[in-house]
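*Asks:* Sharing a structure below in structure tokens format, with a few things to ask.
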Amino acid sequence: MVQTSICGDPDILGDFIAPAGVPINGSFFTFTGMREWVGQTGSPSYFQYLRASKDEFPALDGLSVSTILLGFRPGDVSPPHVHPRASELLLVVQGSLLVGFVDTNNKLYTSRLQTGDMFVFPKGLIHFQLNEDTENPAFSISSLGSASPGLILVPNNLFNTSATIDDRVMALSFKTNVSTIHLLEKALSTPYN
């Protein structure tokens with residue numbers, strides 16, 4: 001017997017999903033939360049992102065799309081992470097980024113992107129972005145193929161979760177010792193900034 005599971009945004013039966021009691025007009029389909037970044041000059045004070053998923057922009061529910069604006073200060077990184085429910089299409093709008101992902105055969109694919117370049121990260125694969133420039137910021141826009149793409153930050157999920165994986169399991173898995181695992185847990189107890 002073979003069983004299969006497929007995950008993704010549900011197909012909707014109408015043009016869009018309207019929450020009960022919400023007036024449906026042009027404002028429902030408008031998201032203004034990105035205004036503070038458009039036309040921003042200078043370097044962000046830390047790695048920043050603004051997202052518009054169905055949580056921030058309810059009109060996206062059922063439409064299989066969301067977006068993220070990313071701001072990288074010089075030398076900054078978007079650490080290895082996964083969107084379990086969406087592929088990601090990234091466009092560099094200022095600066096340059098080293099980007100990459102690892103496939104299920106453990107092969108690394110990387111590219112150095114310049115302003116105007118795009119890169120696609122397949123759904124569910126670990127990927128990253130790095131601003132290698134130590135003097136200039138970089139900005140990008142990502143479109144994701146889900147209104148709820150999910151986010152798993154690999155370092156945080158492994159070393160800084162509310163239900164921490166047993167230190168012995170981590171030490172054996174990473175072929176190191178428990179004291180090194182404690183150092184990593186301590187380092188990752190603060191946010192990326």
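Residues are referred to by chain and number: the chain letter is A, B, ... according to the order shown in the structure tokens, the number counts from 1 in that chain, and ligands are numbered separately from 1 in the order shown.
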Which neighbours of Ile181 in chain A fall inside 9 Å, counting only C-alpha atoms, when residues of the same chain fewer than 6 positions from it are skipped, and could you give them as a PyMOL selection string?

*Replies:* chain A and resi 159+167-168+170-171+174

*Asks:* If you run DSSP over the backbone, which residues in range 65-181 of chain A end up strand (DSSP E or B)? Put them as a ChimeraX atom specification.

*Replies:* /A:66-72,77-82,88-94,96-102,108-114,118-121,126-130,138-144,152-153

*Asks:* Next, the residues of the selection above should be written as a compact mmCIF listing (two decimals), in the first residue's frame with N, CA and C atoms.

*Replies:*
```
# COMPACT_ATOMS: atom_id res chain seq x y z
N SER A 66 2.99 35.52 -1.25
CA SER A 66 3.38 36.45 -0.20
C SER A 66 4.69 37.09 -0.62
N THR A 67 5.14 38.08 0.12
CA THR A 67 6.39 38.75 -0.23
C THR A 67 7.16 39.15 1.02
N ILE A 68 8.46 39.28 0.86
CA ILE A 68 9.34 39.70 1.95
C ILE A 68 10.34 40.70 1.41
N LEU A 69 10.53 41.82 2.12
CA LEU A 69 11.60 42.76 1.82
C LEU A 69 12.74 42.46 2.78
N LEU A 70 13.97 42.35 2.26
CA LEU A 70 15.13 42.02 3.08
C LEU A 70 16.15 43.14 3.01
N GLY A 71 16.66 43.57 4.15
CA GLY A 71 17.70 44.59 4.21
C GLY A 71 18.92 44.03 4.91
N PHE A 72 20.07 44.10 4.24
CA PHE A 72 21.32 43.56 4.77
C PHE A 72 22.31 44.69 5.02
N VAL A 77 24.03 38.54 7.06
CA VAL A 77 23.56 37.27 6.54
C VAL A 77 22.10 37.04 6.91
N SER A 78 21.38 36.40 6.01
CA SER A 78 20.11 35.78 6.34
C SER A 78 20.49 34.32 6.55
N PRO A 79 20.52 33.85 7.82
CA PRO A 79 21.08 32.54 8.11
C PRO A 79 20.34 31.40 7.41
N PRO A 80 20.98 30.23 7.32
CA PRO A 80 20.32 29.09 6.68
C PRO A 80 18.91 28.88 7.24
N HIS A 81 17.97 28.80 6.32
CA HIS A 81 16.57 28.64 6.71
C HIS A 81 15.80 27.89 5.63
N VAL A 82 14.57 27.55 5.96
CA VAL A 82 13.70 26.77 5.07
C VAL A 82 12.30 27.39 5.09
N GLU A 88 10.81 30.27 -3.29
CA GLU A 88 11.07 31.69 -3.12
C GLU A 88 11.80 32.22 -4.35
N LEU A 89 11.33 33.33 -4.87
CA LEU A 89 11.98 34.01 -5.98
C LEU A 89 12.51 35.34 -5.45
N LEU A 90 13.85 35.48 -5.43
CA LEU A 90 14.51 36.65 -4.84
C LEU A 90 15.02 37.56 -5.94
N LEU A 91 14.77 38.87 -5.81
CA LEU A 91 15.27 39.90 -6.71
C LEU A 91 16.12 40.87 -5.92
N VAL A 92 17.38 41.06 -6.32
CA VAL A 92 18.25 42.04 -5.66
C VAL A 92 17.92 43.41 -6.25
N VAL A 93 17.53 44.35 -5.39
CA VAL A 93 17.17 45.69 -5.85
C VAL A 93 18.25 46.73 -5.55
N GLN A 94 19.19 46.38 -4.67
CA GLN A 94 20.33 47.26 -4.40
C GLN A 94 21.47 46.42 -3.85
N SER A 96 24.67 43.70 -3.79
CA SER A 96 24.94 42.35 -4.30
C SER A 96 24.82 41.35 -3.15
N LEU A 97 24.51 40.11 -3.51
CA LEU A 97 24.34 39.05 -2.51
C LEU A 97 24.93 37.75 -3.02
N LEU A 98 25.56 36.99 -2.13
CA LEU A 98 25.90 35.60 -2.39
C LEU A 98 24.71 34.80 -1.87
N VAL A 99 24.11 33.99 -2.71
CA VAL A 99 22.94 33.20 -2.33
C VAL A 99 23.19 31.74 -2.65
N GLY A 100 22.46 30.87 -1.99
CA GLY A 100 22.61 29.46 -2.30
C GLY A 100 21.62 28.59 -1.56
N PHE A 101 21.53 27.35 -2.04
CA PHE A 101 20.70 26.35 -1.37
C PHE A 101 21.37 24.99 -1.50
N VAL A 102 20.96 24.07 -0.63
CA VAL A 102 21.45 22.69 -0.64
C VAL A 102 20.27 21.79 -0.99
N LEU A 108 25.40 21.70 -3.12
CA LEU A 108 25.26 23.13 -2.91
C LEU A 108 25.23 23.86 -4.24
N TYR A 109 24.24 24.74 -4.41
CA TYR A 109 24.12 25.59 -5.58
C TYR A 109 24.23 27.04 -5.12
N THR A 110 25.18 27.80 -5.63
CA THR A 110 25.36 29.19 -5.22
C THR A 110 25.44 30.10 -6.44
N SER A 111 25.22 31.38 -6.18
CA SER A 111 25.38 32.39 -7.22
C SER A 111 25.65 33.73 -6.55
N ARG A 112 26.46 34.56 -7.22
CA ARG A 112 26.70 35.93 -6.76
C ARG A 112 25.79 36.84 -7.59
N LEU A 113 24.83 37.46 -6.93
CA LEU A 113 23.83 38.27 -7.61
C LEU A 113 24.17 39.75 -7.50
N GLN A 114 23.90 40.47 -8.56
CA GLN A 114 24.04 41.93 -8.59
C GLN A 114 22.65 42.55 -8.67
N MET A 118 17.96 37.80 -10.35
CA MET A 118 16.99 37.00 -9.60
C MET A 118 17.55 35.59 -9.38
N PHE A 119 17.05 34.93 -8.34
CA PHE A 119 17.45 33.57 -8.01
C PHE A 119 16.24 32.88 -7.40
N VAL A 120 16.05 31.60 -7.71
CA VAL A 120 14.92 30.86 -7.15
C VAL A 120 15.43 29.80 -6.17
N PHE A 121 14.77 29.73 -5.03
CA PHE A 121 15.05 28.71 -4.01
C PHE A 121 13.87 27.73 -4.02
N ILE A 126 17.03 24.04 2.35
CA ILE A 126 17.80 24.99 3.16
C ILE A 126 18.49 25.97 2.22
N HIS A 127 18.35 27.27 2.53
CA HIS A 127 18.99 28.29 1.71
C HIS A 127 19.43 29.47 2.56
N PHE A 128 20.21 30.36 1.95
CA PHE A 128 20.79 31.51 2.66
C PHE A 128 21.03 32.65 1.69
N GLN A 129 21.27 33.85 2.26
CA GLN A 129 21.71 35.02 1.51
C GLN A 129 22.77 35.72 2.36
N LEU A 130 23.84 36.19 1.71
CA LEU A 130 24.94 36.86 2.40
C LEU A 130 25.35 38.10 1.62
N ALA A 138 22.74 45.93 1.18
CA ALA A 138 22.04 45.29 0.06
C ALA A 138 20.57 45.15 0.45
N PHE A 139 19.71 45.25 -0.57
CA PHE A 139 18.28 45.09 -0.37
C PHE A 139 17.73 44.16 -1.42
N SER A 140 16.76 43.33 -1.03
CA SER A 140 16.14 42.41 -1.98
C SER A 140 14.65 42.28 -1.67
N ILE A 141 13.93 41.80 -2.68
CA ILE A 141 12.51 41.50 -2.55
C ILE A 141 12.32 40.04 -2.91
N SER A 142 11.63 39.30 -2.06
CA SER A 142 11.34 37.90 -2.34
C SER A 142 9.84 37.70 -2.47
N SER A 143 9.46 36.95 -3.49
CA SER A 143 8.08 36.51 -3.66
C SER A 143 8.04 35.03 -3.33
N LEU A 144 7.04 34.62 -2.57
CA LEU A 144 6.92 33.23 -2.16
C LEU A 144 5.60 32.65 -2.64
N ILE A 152 11.67 28.22 9.00
CA ILE A 152 12.46 27.44 9.96
C ILE A 152 13.89 27.97 9.87
N LEU A 153 14.32 28.71 10.90
CA LEU A 153 15.71 29.18 10.98
C LEU A 153 16.54 28.03 11.52
```

*Asks:* I'd like to know which residues of range 69-185 of chain A are helix (DSSP H, G or I) (by DSSP, run on the backbone); could you write them as a PyMOL selection string?

*Replies:* chain A and resi 154-159+167-173+178-185

*Asks:* Based on the selection just made, write N, CA and C atoms of those residues as a CSV table (one decimal), in the first residue's frame.

*Replies:*
```csv
chain,number,residue,atom,x,y,z
A,154,VAL,N,17.4,27.4,10.7
A,154,VAL,CA,18.1,26.2,11.1
A,154,VAL,C,18.9,26.4,12.3
A,155,PRO,N,19.8,27.4,12.5
A,155,PRO,CA,20.5,27.5,13.7
A,155,PRO,C,19.6,27.6,14.9
A,156,ASN,N,18.6,28.5,14.9
A,156,ASN,CA,17.7,28.7,16.0
A,156,ASN,C,17.0,27.4,16.3
A,157,ASN,N,16.4,26.8,15.3
A,157,ASN,CA,15.6,25.6,15.6
A,157,ASN,C,16.4,24.5,16.2
A,158,LEU,N,17.7,24.4,15.8
A,158,LEU,CA,18.5,23.3,16.4
A,158,LEU,C,19.1,23.6,17.8
A,159,PHE,N,19.5,24.9,18.0
A,159,PHE,CA,20.2,25.2,19.2
A,159,PHE,C,19.5,26.2,20.2
A,167,ASP,N,21.4,17.7,24.8
A,167,ASP,CA,22.8,18.1,24.4
A,167,ASP,C,23.6,16.9,23.9
A,168,ARG,N,23.4,15.7,24.4
A,168,ARG,CA,24.2,14.5,24.0
A,168,ARG,C,23.8,14.2,22.5
A,169,VAL,N,22.5,14.3,22.2
A,169,VAL,CA,22.1,14.1,20.8
A,169,VAL,C,22.8,15.1,19.9
A,170,MET,N,22.8,16.3,20.3
A,170,MET,CA,23.4,17.4,19.5
A,170,MET,C,24.9,17.1,19.3
A,171,ALA,N,25.6,16.8,20.4
A,171,ALA,CA,27.0,16.6,20.4
A,171,ALA,C,27.4,15.4,19.5
A,172,LEU,N,26.7,14.3,19.6
A,172,LEU,CA,27.0,13.2,18.8
A,172,LEU,C,26.6,13.5,17.3
A,173,SER,N,25.5,14.2,17.0
A,173,SER,CA,25.1,14.5,15.7
A,173,SER,C,26.1,15.4,15.0
A,178,VAL,N,29.7,18.2,24.4
A,178,VAL,CA,28.6,19.0,25.0
A,178,VAL,C,29.0,20.4,25.3
A,179,SER,N,30.2,20.7,25.7
A,179,SER,CA,30.6,22.1,26.0
A,179,SER,C,30.5,22.9,24.8
A,180,THR,N,30.9,22.4,23.6
A,180,THR,CA,30.8,23.2,22.3
A,180,THR,C,29.3,23.4,22.0
A,181,ILE,N,28.4,22.4,22.3
A,181,ILE,CA,27.0,22.6,22.1
A,181,ILE,C,26.5,23.8,23.0
A,182,HIS,N,27.0,23.8,24.2
A,182,HIS,CA,26.5,24.9,25.1
A,182,HIS,C,27.0,26.2,24.6
A,183,LEU,N,28.2,26.3,24.1
A,183,LEU,CA,28.7,27.6,23.5
A,183,LEU,C,27.8,28.0,22.3
A,184,LEU,N,27.4,27.1,21.5
A,184,LEU,CA,26.5,27.4,20.4
A,184,LEU,C,25.1,27.9,20.9
A,185,GLU,N,24.6,27.2,21.9
A,185,GLU,CA,23.3,27.6,22.4
A,185,GLU,C,23.4,29.0,23.0
```

*Asks:* For Arg51 in chain A, which of A:Thr32, A:Asn136, A:Ser189, A:Asn160 is the closest residue, counting only C-alpha atoms?

*Replies:*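 The closest residue to Arg51 in chain A is A:Thr32.
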
*Asks:* If we count only C-alpha atoms, what is near range 74-76 of chain A at a cut-off of 8 Å, once residues fewer than 3 positions away on the same chain are taken out, given as a PDB file with C-alpha atoms, in the first residue's frame?

*Replies:*
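And here's result-v5.pdb as it stands now:
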```
ATOM      1  CA  SER A  43      22.401  50.955   5.708  1.00  0.00           C
ATOM      2  CA  TYR A  46      20.761  45.240  11.553  1.00  0.00           C
ATOM      3  CA  PHE A  47      19.511  42.448   9.283  1.00  0.00           C
ATOM      4  CA  LEU A 130      24.941  36.864   2.398  1.00  0.00           C
ATOM      5  CA  ASN A 131      25.983  40.438   1.730  1.00  0.00           C
ATOM      6  CA  GLU A 132      29.721  39.910   1.133  1.00  0.00           C
ATOM      7  CA  ASP A 133      30.273  43.652   0.686  1.00  0.00           C
ATOM      8  CA  THR A 134      31.797  44.995   3.901  1.00  0.00           C
ATOM      9  CA  GLU A 135      31.054  48.645   3.044  1.00  0.00           C
ATOM     10  CA  ASN A 136      27.633  48.791   1.369  1.00  0.00           C
ATOM     11  CA  PRO A 137      24.162  47.538   2.282  1.00  0.00           C
ATOM     12  CA  ALA A 138      22.037  45.293   0.064  1.00  0.00           C
TER      13      ALA A 138
END
```

*Asks:* Using only C-alpha atoms, find the one residue out of A:Arg35, A:Arg73, A:Leu188, A:Val22 that sits nearest to Gln48 in chain A.

*Replies:*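 Using only C-alpha atoms, the shortest distance to Gln48 in chain A belongs to A:Arg73.
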
*Asks:* At a cut-off of 8 Å, using only C-alpha atoms, what residues contact Ala52 in chain A? Leave out same-chain residues fewer than 2 positions from it and give the result as a list of chain:residue names.

*Replies:*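 Within the cut-off, the hits are A:Phe31, A:Gly33, A:Leu50, A:Lys54, A:Asp55, A:Glu56, A:Phe57, A:Ser66, A:Thr67, A:Ile68.
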
*Asks:* What's around Gly145 in chain A at 6 Å? Count only C-alpha atoms, leave out sequence neighbours fewer than 3 positions away in its own chain, and write the answer as a PyMOL selection string.

*Replies:* chain A and resi 64-65+86-87

*Asks:* Just to be explicit: take each residue in the selection above, keep N, CA and C atoms, and write the result as a short mmCIF file (atom, residue, chain, number, x, y, z; two decimals), in the first residue's frame.

*Replies:*
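After the write, result-v7.cif holds the following:
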```
data_model
loop_
_atom_site.label_atom_id
_atom_site.label_comp_id
_atom_site.auth_asym_id
_atom_site.auth_seq_id
_atom_site.Cartn_x
_atom_site.Cartn_y
_atom_site.Cartn_z
N SER A 64 -2.08 31.96 -2.58
CA SER A 64 -0.79 31.29 -2.84
C SER A 64 0.34 32.25 -3.18
N VAL A 65 0.40 33.39 -2.49
CA VAL A 65 1.47 34.35 -2.73
C VAL A 65 1.73 35.16 -1.46
N ALA A 86 6.74 26.77 0.52
CA ALA A 86 6.83 27.69 -0.63
C ALA A 86 8.21 27.72 -1.25
N SER A 87 8.23 27.86 -2.57
CA SER A 87 9.45 28.25 -3.27
C SER A 87 9.59 29.76 -3.11
#
```

*Asks:* Counting only C-alpha atoms, what is within 8 Å of Pro84 in chain A, bar same-chain residues fewer than 3 positions away, as a list in words?

*Replies:*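 Close residues of Pro84 in chain A: Lys123, Gly124, Leu125, Pro149, Gly150, Leu151 and Ile152 of chain A.
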